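**Student:** Next up, input_30.pdb (PDB, C-alpha atoms).
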```pdb
ATOM      1  CA  MET A 129       0.000   0.000   0.000
ATOM      2  CA  PHE A 130       2.747   2.474   0.869
ATOM      3  CA  ASP A 131       4.251   2.337  -2.629
ATOM      4  CA  ARG A 132       1.081   4.090  -3.807
ATOM      5  CA  LEU A 133       2.014   7.058  -1.657
ATOM      6  CA  ARG A 134       5.591   7.695  -2.652
ATOM      7  CA  ASP A 135       6.200  11.330  -3.519
ATOM      8  CA  ARG A 136       2.710  12.225  -2.317
ATOM      9  CA  ARG A 137       1.770  14.286   0.735
ATOM     10  CA  THR A 138      -0.208  12.200   3.221
ATOM     11  CA  VAL A 139      -2.226  12.585   6.386
ATOM     12  CA  ARG A 140      -3.393  10.003   8.885
ATOM     13  CA  SER A 141      -6.993   8.883   8.371
ATOM     14  CA  TRP A 142      -9.505   8.143  11.113
ATOM     15  CA  TYR A 143      -8.305   4.530  10.960
ATOM     16  CA  GLY A 144      -4.668   5.528  11.457
ATOM     17  CA  TRP A 145      -3.548   4.756   7.896
ATOM     18  CA  PRO A 146      -1.649   7.218   5.719
ATOM     19  CA  VAL A 147      -3.913   8.502   2.957
ATOM     20  CA  PRO A 148      -3.532  11.241   0.322
ATOM     21  CA  ALA A 149      -3.840  14.659   1.935
ATOM     22  CA  VAL A 150      -5.842  16.081  -0.958
ATOM     23  CA  ILE A 151      -9.583  15.868  -1.339
ATOM     24  CA  ARG A 152     -10.836  15.341  -4.872
ATOM     25  CA  VAL A 153     -13.968  16.857  -6.364
ATOM     26  CA  VAL A 154     -16.120  15.413  -9.156
ATOM     27  CA  THR A 155     -19.287  16.293 -11.021
ATOM     28  CA  ALA A 156     -22.344  14.060 -11.137
ATOM     29  CA  ALA A 157     -21.229  12.689 -14.528
ATOM     30  CA  GLN A 158     -17.758  11.874 -13.214
ATOM     31  CA  LEU A 159     -19.247  10.208 -10.130
ATOM     32  CA  ARG A 160     -21.482   8.037 -12.337
ATOM     33  CA  GLU A 161     -18.391   6.998 -14.290
ATOM     34  CA  LEU A 162     -16.549   6.092 -11.059
ATOM     35  CA  ILE A 163     -19.579   4.099  -9.873
ATOM     36  CA  ASP A 164     -19.609   2.219 -13.194
ATOM     37  CA  ILE A 165     -15.881   1.462 -12.806
ATOM     38  CA  ALA A 166     -16.496   0.152  -9.277
ATOM     39  CA  ALA A 167     -19.332  -2.071 -10.516
ATOM     40  CA  ALA A 168     -17.307  -3.369 -13.471
ATOM     41  CA  ASN A 169     -14.438  -4.294 -11.134
ATOM     42  CA  GLY A 170     -16.743  -6.019  -8.646
ATOM     43  CA  PHE A 171     -16.022  -3.562  -5.838
ATOM     44  CA  SER A 172     -18.478  -3.628  -2.948
ATOM     45  CA  ARG A 173     -18.549   0.101  -2.165
ATOM     46  CA  ARG A 174     -20.474   1.784  -4.997
ATOM     47  CA  ALA A 175     -21.927   5.010  -3.557
ATOM     48  CA  ARG A 176     -25.414   3.544  -3.296
ATOM     49  CA  ASP A 177     -26.599   5.916  -0.563
ATOM     50  CA  VAL A 178     -26.209   9.230  -2.328
ATOM     51  CA  PRO A 179     -28.332  10.943  -4.990
ATOM     52  CA  VAL A 180     -26.370  11.603  -8.183
ATOM     53  CA  GLU A 181     -27.757  14.910  -9.438
ATOM     54  CA  PRO A 182     -26.296  17.592 -11.735
ATOM     55  CA  GLU A 183     -26.863  20.361  -9.180
ATOM     56  CA  ARG A 184     -24.456  18.677  -6.759
ATOM     57  CA  GLU A 185     -20.733  18.133  -6.654
ATOM     58  CA  TYR A 186     -19.066  15.266  -4.866
ATOM     59  CA  LEU A 187     -16.052  15.472  -2.615
ATOM     60  CA  LEU A 188     -13.951  12.296  -2.364
ATOM     61  CA  VAL A 189     -12.079  11.938   0.920
ATOM     62  CA  PRO A 190      -9.760   8.899   1.032
ATOM     63  CA  GLU A 191     -10.170   6.914   4.237
ATOM     64  CA  LEU A 192      -8.454   3.606   3.778
ATOM     65  CA  GLY A 193      -6.397   1.662   1.251
ATOM     66  CA  ALA A 194      -7.688  -1.764   0.269
ATOM     67  CA  GLU A 195      -5.553  -4.802  -0.598
ATOM     68  CA  SER A 196      -6.014  -4.097  -4.299
ATOM     69  CA  PRO A 197      -4.814  -0.721  -5.639
ATOM     70  CA  VAL A 198      -7.989   1.069  -4.532
ATOM     71  CA  TRP A 199      -8.782   3.915  -2.187
ATOM     72  CA  ILE A 200     -11.877   3.520  -0.061
ATOM     73  CA  CYS A 201     -13.276   7.038  -0.218
ATOM     74  CA  ARG A 202     -15.966   8.814   1.739
ATOM     75  CA  VAL A 203     -18.186  10.622  -0.757
ATOM     76  CA  VAL A 204     -19.841  13.832   0.444
ATOM     77  CA  ALA A 205     -22.528  15.277  -1.835
ATOM     78  CA  VAL A 206     -22.786  19.049  -1.537
ATOM     79  CA  PRO A 207     -24.530  21.769  -3.551
ATOM     80  CA  ALA A 208     -22.403  22.559  -6.613
ATOM     81  CA  GLY A 209     -20.327  25.707  -6.408
ATOM     82  CA  GLY A 210     -22.258  27.426  -3.656
ATOM     83  CA  ALA A 211     -22.360  27.287   0.092
ATOM     84  CA  LEU A 212     -22.095  23.817   1.558
ATOM     85  CA  VAL A 213     -25.441  23.956   3.280
ATOM     86  CA  ALA A 214     -28.507  25.972   2.426
ATOM     87  CA  PRO A 215     -31.253  26.166   5.063
ATOM     88  CA  GLY A 216     -32.932  22.772   5.213
ATOM     89  CA  GLU A 217     -30.298  21.233   2.906
ATOM     90  CA  LYS A 218     -28.999  17.781   3.732
ATOM     91  CA  LEU A 219     -25.473  16.600   3.019
ATOM     92  CA  TRP A 220     -25.266  13.015   1.829
ATOM     93  CA  TYR A 221     -22.468  10.602   2.707
ATOM     94  CA  THR A 222     -21.534   7.223   1.298
ATOM     95  CA  LEU A 223     -18.506   5.073   0.429
ATOM     96  CA  LEU A 224     -16.943   4.382  -2.953
ATOM     97  CA  ASP A 225     -13.975   2.265  -4.026
ATOM     98  CA  VAL A 226     -11.856   4.326  -6.425
ATOM     99  CA  PRO A 227      -8.860   2.830  -8.267
ATOM    100  CA  VAL A 228      -5.658   4.681  -7.361
ATOM    101  CA  ALA A 229      -4.909   5.656 -10.967
ATOM    102  CA  ASP A 230      -8.390   7.146 -11.401
ATOM    103  CA  PHE A 231      -8.161   8.941  -8.047
ATOM    104  CA  ARG A 232      -4.910  10.638  -9.075
ATOM    105  CA  ARG A 233      -6.474  11.958 -12.295
ATOM    106  CA  LEU A 234      -9.372  13.676 -10.535
ATOM    107  CA  PRO A 235      -9.277  17.427  -9.870
ATOM    108  CA  ARG A 236      -8.319  18.589  -6.400
ATOM    109  CA  VAL A 237     -10.748  20.562  -4.308
ATOM    110  CA  GLY A 238      -9.664  24.126  -3.633
ATOM    111  CA  ARG A 239      -8.446  25.213  -0.204
ATOM    112  CA  ARG A 240     -11.465  27.390   0.439
ATOM    113  CA  ARG A 241     -13.894  24.558  -0.335
ATOM    114  CA  ARG A 242     -11.837  22.146   1.779
ATOM    115  CA  ASP A 243     -11.837  24.574   4.694
ATOM    116  CA  GLU A 244     -15.599  25.097   4.359
ATOM    117  CA  LEU A 245     -16.023  21.337   4.587
ATOM    118  CA  LEU A 246     -13.893  21.172   7.730
ATOM    119  CA  HIS A 247     -15.940  23.910   9.426
ATOM    120  CA  TRP A 248     -19.231  22.302   8.386
ATOM    121  CA  LEU A 249     -18.182  18.866   9.638
ATOM    122  CA  ALA A 250     -17.117  20.294  12.996
ATOM    123  CA  HIS A 251     -20.499  22.010  13.316
ATOM    124  CA  ALA A 252     -22.409  18.876  12.264
ATOM    125  CA  ALA A 253     -20.499  16.730  14.768
ATOM    126  CA  TYR A 254     -21.268  19.185  17.556
ATOM    127  CA  ARG A 255     -24.969  19.323  16.641
ATOM    128  CA  ARG A 256     -25.238  15.530  16.625
ATOM    129  CA  ARG A 257     -23.549  15.359  20.005
ATOM    130  CA  ARG A 258     -26.019  17.868  21.492
ATOM    131  CA  GLN A 259     -29.044  16.128  19.933
ATOM    132  CA  GLY A 260     -28.050  12.570  20.841
TER     133      GLY A 260
END
```
Represent the supplied structure as structure tokens.
**Tutor:**
Amino acid sequence: MFDRLRDRRTVRSWYGWPVPAVIRVVTAAQLRELIDIAAANGFSRRARDVPVEPEREYLLVPELGAESPVWICRVVAVPAGGALVAPGEKLWYTLLDVPVADFRRLPRVGRRRRDELLHWLAHAAYRRRRQG
């Protein structure tokens, strides 16, 4: 697994594994293509729990490397181009297996968008804690 990371900046995932530090962003069409690739390769994680709609963009956050050359990515569906959350808007989460070569070709999310995601996730975690 570590040979996939040479010359790449990494961070430690929730599971303690080194993963790429960059978050990738895809359109609905690109996500459909990645889902088709996962299905064709027999991967089990195929982003089944997220609506694939043109008015959304999808952030791919690598969480874990699998035995085959695949990143297990958390997919976060957010409104395309605008604020992460509009009043009453729900963010969707799911998992998707993405081949390493395909992951590397995807565009990186900008710093501002990445930082917005970090702030939103911190807020969402706090809200869940207070509600539950």
**Student:** Pick out the closest residue to Pro148 of chain A from this set: A:Gly209, A:Gly170, A:Gly193, A:Pro182. Count all atoms listed in the file.
**Tutor:**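 Result for the nearest residue to Pro148 of chain A: A:Gly193.
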**Student:** Name the residues that the PyMOL selection byres ((chain A and resi 208) around 6) pulls out of this structure, and write them as a PDB file with C-alpha atoms, keeping the file's coordinate frame.
**Tutor:**
```pdb
ATOM      1  CA  GLU A 183     -26.863  20.361  -9.180  1.00  0.00           C
ATOM      2  CA  ARG A 184     -24.456  18.677  -6.759  1.00  0.00           C
ATOM      3  CA  GLU A 185     -20.733  18.133  -6.654  1.00  0.00           C
ATOM      4  CA  PRO A 207     -24.530  21.769  -3.551  1.00  0.00           C
ATOM      5  CA  GLY A 209     -20.327  25.707  -6.408  1.00  0.00           C
ATOM      6  CA  GLY A 210     -22.258  27.426  -3.656  1.00  0.00           C
TER       7      GLY A 210
END
```
**Student:** Given the file shown, determine the residues that the PyMOL selection byres ((chain A and resi 175) around 7) selects; report them as a PDB file with C-alpha atoms, in the coordinates of the input.
**Tutor:**
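Done, and the output landed in out_27.pdb:
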```
ATOM      1  CA  ILE A 163     -19.579   4.099  -9.873  1.00  0.00           C
ATOM      2  CA  ARG A 173     -18.549   0.101  -2.165  1.00  0.00           C
ATOM      3  CA  ARG A 174     -20.474   1.784  -4.997  1.00  0.00           C
ATOM      4  CA  ARG A 176     -25.414   3.544  -3.296  1.00  0.00           C
ATOM      5  CA  ASP A 177     -26.599   5.916  -0.563  1.00  0.00           C
ATOM      6  CA  VAL A 178     -26.209   9.230  -2.328  1.00  0.00           C
ATOM      7  CA  THR A 222     -21.534   7.223   1.298  1.00  0.00           C
ATOM      8  CA  LEU A 223     -18.506   5.073   0.429  1.00  0.00           C
ATOM      9  CA  LEU A 224     -16.943   4.382  -2.953  1.00  0.00           C
TER      10      LEU A 224
END
```
**Student:** Find the spatial neighbours of Arg202 of chain A, counting all atoms listed in the file, within a cut-off of 7 Å - ignore same-chain residues fewer than 2 positions away - and output them as a CSV table (one decimal) with C-alpha atoms, keeping the file's coordinate frame.
**Tutor:**
```csv
chain,number,residue,atom,x,y,z
A,188,LEU,CA,-14.0,12.3,-2.4
A,189,VAL,CA,-12.1,11.9,0.9
A,190,PRO,CA,-9.8,8.9,1.0
A,191,GLU,CA,-10.2,6.9,4.2
A,200,ILE,CA,-11.9,3.5,-0.1
A,204,VAL,CA,-19.8,13.8,0.4
A,221,TYR,CA,-22.5,10.6,2.7
A,222,THR,CA,-21.5,7.2,1.3
A,223,LEU,CA,-18.5,5.1,0.4
A,224,LEU,CA,-16.9,4.4,-3.0
```
**Student:** Which neighbours of Ile165 of chain A fall inside 12 Å, counting only C-alpha atoms, when residues of the same chain fewer than 3 positions from it are skipped, and could you give them as a list in words?
**Tutor:**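 After dropping sequence-adjacent residues, the list is Gln158, Leu159, Arg160, Glu161, Leu162, Ala168, Asn169, Gly170, Phe171, Ser172, Arg173, Arg174, Ala175, Val198, Leu224, Asp225, Val226, Pro227, Ala229, Asp230 and Phe231 of chain A.
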**Student:** When distances are computed from all atoms listed in the file, which of A:Leu245, A:Val206, A:Ala253, A:Val237 shows the smallest separation from Val153 of chain A?
**Tutor:**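 Looking only at the distances to Val153 of chain A, the closest residue turns out to be A:Val237.
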**Student:** Expand the PyMOL selection byres ((chain A and resi 235) around 6) into the individual residues it matches in the shown file, reporting them as a JSON list (two decimals) with C-alpha atoms, keeping the file's coordinate frame.
**Tutor:**
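So the final result, stored in part-v5.json, reads:
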```
[["chain", "number", "residue", "atom", "x", "y", "z"],
["A", 152, "ARG", "CA", -10.84, 15.34, -4.87],
["A", 153, "VAL", "CA", -13.97, 16.86, -6.36],
["A", 234, "LEU", "CA", -9.37, 13.68, -10.54],
["A", 236, "ARG", "CA", -8.32, 18.59, -6.40]]
```
